[in-house]
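Comments concern the structure below.
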Amino acid sequence: MKRTSLLIVLFGLCSWMSACGGSRAVTNLDMTISDFKFTPDRFTVPAGEEITLAVDNLGLTSHQFVIFKLGTSPGEKFGPEDAQNIYYSFEVKPGRDGKATFIAPSEAGQYYFVCGIFGHLPAGMIGVLVVVEDK
Ligand SMILES: [Cu+2]
């Protein structure tokens, strides 16, 4: 009886810790950026995991991938007032491939991402990063 209780406690603890000693998984995302669009414009990633983002900029101008903190958004346009709400930011020169690595937010939810270069957000450069609890 005692042993059974201990096993239940250990199992519960292990589930709560979720990873249970495993190494950190890497999630690879592929994105194409053009003037002025993210493709795709919606990604789902596991919370707290290391994400590798490969970006192919097909446009004639530089573009950025700027993730906002949970519960914040740039509104109609991106400006200096948004700096405090940035979770992660990355820029790719025109016609180049870029690779970025970042840790997904630990809190599940929907995070906006935009291009922070002047005029690009109003032109349509916005998307959503969906963070889900890791199972
Ligand atoms: Cu842009």
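We name chains A, B, ... following the order of the structure tokens; residues begin at 1 in each chain, and ligands are numbered from 1 as shown.
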Give the residue list for ligand 1 at 10 Å, counting only C-alpha atoms and all ligand atoms, as an MDAnalysis selection string, sorted by chain and then by residue number.
chainID A and resid 33:38 57 59:66 91:94 114:121 123:126
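Proximity to stretch 101-108 of chain A at 9 Å, evaluated using only C-alpha atoms and with sequence-adjacent residues fewer than 5 positions away removed, yields A:Val45, A:Pro46, A:Ala47, A:Gly48, A:Glu49, A:Glu50, A:Ile51, A:Thr52, A:Leu53, A:Ala54, A:Lys69, A:Leu70, A:Tyr87, A:Tyr88, A:Val130, A:Val131, A:Val132, A:Glu133.
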Store the residues picked out above in a file with N, CA, C and O atoms, as an mmCIF file, in the first residue's frame.
```
data_model
loop_
_atom_site.group_PDB
_atom_site.id
_atom_site.type_symbol
_atom_site.label_atom_id
_atom_site.label_comp_id
_atom_site.auth_asym_id
_atom_site.auth_seq_id
_atom_site.Cartn_x
_atom_site.Cartn_y
_atom_site.Cartn_z
ATOM 1 N N VAL A 45 3.905 26.410 -31.693
ATOM 2 C CA VAL A 45 5.139 25.887 -31.096
ATOM 3 C C VAL A 45 4.881 25.474 -29.654
ATOM 4 O O VAL A 45 3.992 26.004 -28.997
ATOM 5 N N PRO A 46 5.664 24.525 -29.151
ATOM 6 C CA PRO A 46 5.510 24.118 -27.751
ATOM 7 C C PRO A 46 6.137 25.149 -26.805
ATOM 8 O O PRO A 46 7.212 25.674 -27.094
ATOM 9 N N ALA A 47 5.481 25.415 -25.705
ATOM 10 C CA ALA A 47 5.950 26.392 -24.723
ATOM 11 C C ALA A 47 7.337 26.047 -24.201
ATOM 12 O O ALA A 47 7.631 24.887 -23.911
ATOM 13 N N GLY A 48 8.181 27.050 -24.108
ATOM 14 C CA GLY A 48 9.491 26.898 -23.486
ATOM 15 C C GLY A 48 10.519 26.125 -24.284
ATOM 16 O O GLY A 48 11.617 25.884 -23.801
ATOM 17 N N GLU A 49 10.167 25.722 -25.491
ATOM 18 C CA GLU A 49 11.104 24.923 -26.296
ATOM 19 C C GLU A 49 12.012 25.820 -27.138
ATOM 20 O O GLU A 49 11.677 26.946 -27.456
ATOM 21 N N GLU A 50 13.164 25.253 -27.520
ATOM 22 C CA GLU A 50 14.065 25.972 -28.400
ATOM 23 C C GLU A 50 13.538 25.877 -29.836
ATOM 24 O O GLU A 50 13.275 24.782 -30.320
ATOM 25 N N ILE A 51 13.385 27.021 -30.460
ATOM 26 C CA ILE A 51 12.834 27.090 -31.815
ATOM 27 C C ILE A 51 13.925 27.553 -32.773
ATOM 28 O O ILE A 51 14.615 28.540 -32.506
ATOM 29 N N THR A 52 14.080 26.836 -33.871
ATOM 30 C CA THR A 52 14.989 27.291 -34.922
ATOM 31 C C THR A 52 14.130 27.763 -36.087
ATOM 32 O O THR A 52 13.293 27.020 -36.591
ATOM 33 N N LEU A 53 14.338 29.005 -36.462
ATOM 34 C CA LEU A 53 13.542 29.626 -37.513
ATOM 35 C C LEU A 53 14.416 29.894 -38.730
ATOM 36 O O LEU A 53 15.400 30.634 -38.642
ATOM 37 N N ALA A 54 14.078 29.257 -39.854
ATOM 38 C CA ALA A 54 14.799 29.500 -41.101
ATOM 39 C C ALA A 54 13.946 30.432 -41.954
ATOM 40 O O ALA A 54 12.792 30.121 -42.243
ATOM 41 N N LYS A 69 5.244 40.383 -26.708
ATOM 42 C CA LYS A 69 4.953 39.686 -25.452
ATOM 43 C C LYS A 69 3.461 39.391 -25.385
ATOM 44 O O LYS A 69 2.657 40.075 -26.028
ATOM 45 N N LEU A 70 3.117 38.376 -24.589
ATOM 46 C CA LEU A 70 1.726 37.961 -24.429
ATOM 47 C C LEU A 70 0.858 39.142 -23.977
ATOM 48 O O LEU A 70 1.240 39.895 -23.085
ATOM 49 N N TYR A 87 9.251 40.623 -27.436
ATOM 50 C CA TYR A 87 9.781 39.401 -26.824
ATOM 51 C C TYR A 87 11.048 38.962 -27.541
ATOM 52 O O TYR A 87 12.017 38.536 -26.916
ATOM 53 N N TYR A 88 11.035 39.045 -28.876
ATOM 54 C CA TYR A 88 12.187 38.607 -29.667
ATOM 55 C C TYR A 88 12.162 39.322 -31.011
ATOM 56 O O TYR A 88 11.093 39.590 -31.562
ATOM 57 N N VAL A 130 1.348 30.741 -32.068
ATOM 58 C CA VAL A 130 0.495 30.100 -31.061
ATOM 59 C C VAL A 130 1.383 29.208 -30.203
ATOM 60 O O VAL A 130 2.030 28.288 -30.702
ATOM 61 N N VAL A 131 1.438 29.510 -28.913
ATOM 62 C CA VAL A 131 2.254 28.727 -27.988
ATOM 63 C C VAL A 131 1.325 27.806 -27.194
ATOM 64 O O VAL A 131 0.355 28.263 -26.602
ATOM 65 N N VAL A 132 1.631 26.508 -27.251
ATOM 66 C CA VAL A 132 0.804 25.529 -26.546
ATOM 67 C C VAL A 132 1.634 24.802 -25.481
ATOM 68 O O VAL A 132 2.845 24.704 -25.608
ATOM 69 N N GLU A 133 0.979 24.314 -24.465
ATOM 70 C CA GLU A 133 1.654 23.559 -23.417
ATOM 71 C C GLU A 133 2.301 22.334 -24.025
ATOM 72 O O GLU A 133 1.690 21.643 -24.837
#
```
Enumerate the residues of chain A with a DSSP assignment of strand (DSSP E or B), computed from the backbone, and present them as a PyMOL selection string.
chain A and resi 26-34+37-39+42-46+50-57+63-68+86-92+97-103+109-114+126-132
Based on the selection just made, write C-alpha atoms of those residues as a CSV table (one decimal), in the first residue's frame.
```csv
chain,number,residue,atom,x,y,z
A,26,VAL,CA,14.1,21.7,-31.0
A,27,THR,CA,11.3,22.8,-33.2
A,28,ASN,CA,12.2,23.9,-36.7
A,29,LEU,CA,10.1,26.5,-38.5
A,30,ASP,CA,10.4,27.5,-42.2
A,31,MET,CA,9.2,30.9,-43.2
A,32,THR,CA,9.2,32.8,-46.5
A,33,ILE,CA,9.1,36.6,-46.4
A,34,SER,CA,8.2,38.7,-49.4
A,37,LYS,CA,3.9,39.2,-46.4
A,38,PHE,CA,4.9,36.3,-44.0
A,39,THR,CA,4.2,32.8,-45.3
A,42,ARG,CA,0.6,31.4,-38.2
A,43,PHE,CA,2.9,28.9,-36.3
A,44,THR,CA,2.2,26.6,-33.4
A,45,VAL,CA,5.1,25.9,-31.1
A,46,PRO,CA,5.5,24.1,-27.8
A,50,GLU,CA,14.1,26.0,-28.4
A,51,ILE,CA,12.8,27.1,-31.8
A,52,THR,CA,15.0,27.3,-34.9
A,53,LEU,CA,13.5,29.6,-37.5
A,54,ALA,CA,14.8,29.5,-41.1
A,55,VAL,CA,13.8,32.6,-43.0
A,56,ASP,CA,14.0,33.1,-46.8
A,57,ASN,CA,13.6,36.7,-47.7
A,63,HIS,CA,12.4,42.6,-43.2
A,64,GLN,CA,12.1,41.8,-39.5
A,65,PHE,CA,10.4,39.1,-37.5
A,66,VAL,CA,9.4,40.8,-34.2
A,67,ILE,CA,7.5,38.7,-31.6
A,68,PHE,CA,5.4,40.6,-29.1
A,86,ILE,CA,9.1,43.0,-27.8
A,87,TYR,CA,9.8,39.4,-26.8
A,88,TYR,CA,12.2,38.6,-29.7
A,89,SER,CA,13.4,40.4,-32.8
A,90,PHE,CA,15.3,39.2,-35.9
A,91,GLU,CA,16.1,40.9,-39.2
A,92,VAL,CA,16.9,39.4,-42.7
A,97,ASP,CA,18.4,33.4,-46.0
A,98,GLY,CA,18.6,33.8,-42.3
A,99,LYS,CA,18.5,31.5,-39.4
A,100,ALA,CA,17.4,32.4,-35.9
A,101,THR,CA,17.2,30.5,-32.6
A,102,PHE,CA,15.0,31.5,-29.7
A,103,ILE,CA,13.2,30.0,-26.8
A,109,GLY,CA,-1.3,31.8,-25.7
A,110,GLN,CA,-1.3,33.8,-28.9
A,111,TYR,CA,1.6,36.0,-29.6
A,112,TYR,CA,1.6,38.6,-32.4
A,113,PHE,CA,4.6,38.9,-34.7
A,114,VAL,CA,5.1,41.7,-37.1
A,126,ILE,CA,1.5,40.6,-39.2
A,127,GLY,CA,1.1,37.0,-38.0
A,128,VAL,CA,0.4,34.9,-34.9
A,129,LEU,CA,2.7,32.6,-33.0
A,130,VAL,CA,0.5,30.1,-31.1
A,131,VAL,CA,2.3,28.7,-28.0
A,132,VAL,CA,0.8,25.5,-26.5
```
Quick one: distance from atom CA of A:Phe78 to atom CA of A:Arg96 in Å, one decimal?
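Atom CA of A:Arg96 lies 23.4 Å from atom CA of A:Phe78.
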What is the distance between atom CA of A:Glu76 and atom CA of A:Gly95, in Å to one decimal?
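Here the two named atoms are 27.0 Å from each other.
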Members of chain A assigned helix (DSSP H, G or I) by DSSP, as a PDB file with C-alpha atoms, in the first residue's frame:
```
ATOM      1  CA  LYS A   2       2.789   2.383   0.960  1.00  0.00           C
ATOM      2  CA  ARG A   3       4.696   1.541  -2.214  1.00  0.00           C
ATOM      3  CA  THR A   4       1.607   2.217  -4.356  1.00  0.00           C
ATOM      4  CA  SER A   5       1.197   5.660  -2.794  1.00  0.00           C
ATOM      5  CA  LEU A   6       4.844   6.447  -3.433  1.00  0.00           C
ATOM      6  CA  LEU A   7       4.489   5.405  -7.083  1.00  0.00           C
ATOM      7  CA  ILE A   8       1.427   7.604  -7.492  1.00  0.00           C
ATOM      8  CA  VAL A   9       3.302  10.552  -5.997  1.00  0.00           C
ATOM      9  CA  LEU A  10       6.323   9.937  -8.235  1.00  0.00           C
ATOM     10  CA  PHE A  11       4.118   9.593 -11.303  1.00  0.00           C
ATOM     11  CA  GLY A  12       2.316  12.820 -10.449  1.00  0.00           C
ATOM     12  CA  LEU A  13       5.587  14.653  -9.865  1.00  0.00           C
ATOM     13  CA  CYS A  14       6.969  13.371 -13.146  1.00  0.00           C
ATOM     14  CA  SER A  15       3.882  14.481 -15.078  1.00  0.00           C
ATOM     15  CA  TRP A  16       4.055  17.867 -13.400  1.00  0.00           C
ATOM     16  CA  MET A  17       7.676  18.281 -14.432  1.00  0.00           C
ATOM     17  CA  PRO A  80       9.306  53.246 -30.626  1.00  0.00           C
ATOM     18  CA  GLU A  81       6.518  52.887 -28.028  1.00  0.00           C
ATOM     19  CA  ASP A  82       6.394  49.174 -28.862  1.00  0.00           C
ATOM     20  CA  ALA A  83      10.022  48.503 -27.847  1.00  0.00           C
ATOM     21  CA  GLN A  84       9.031  47.537 -24.282  1.00  0.00           C
ATOM     22  CA  ASN A  85       6.617  44.898 -25.601  1.00  0.00           C
TER      23      ASN A  85
END
```
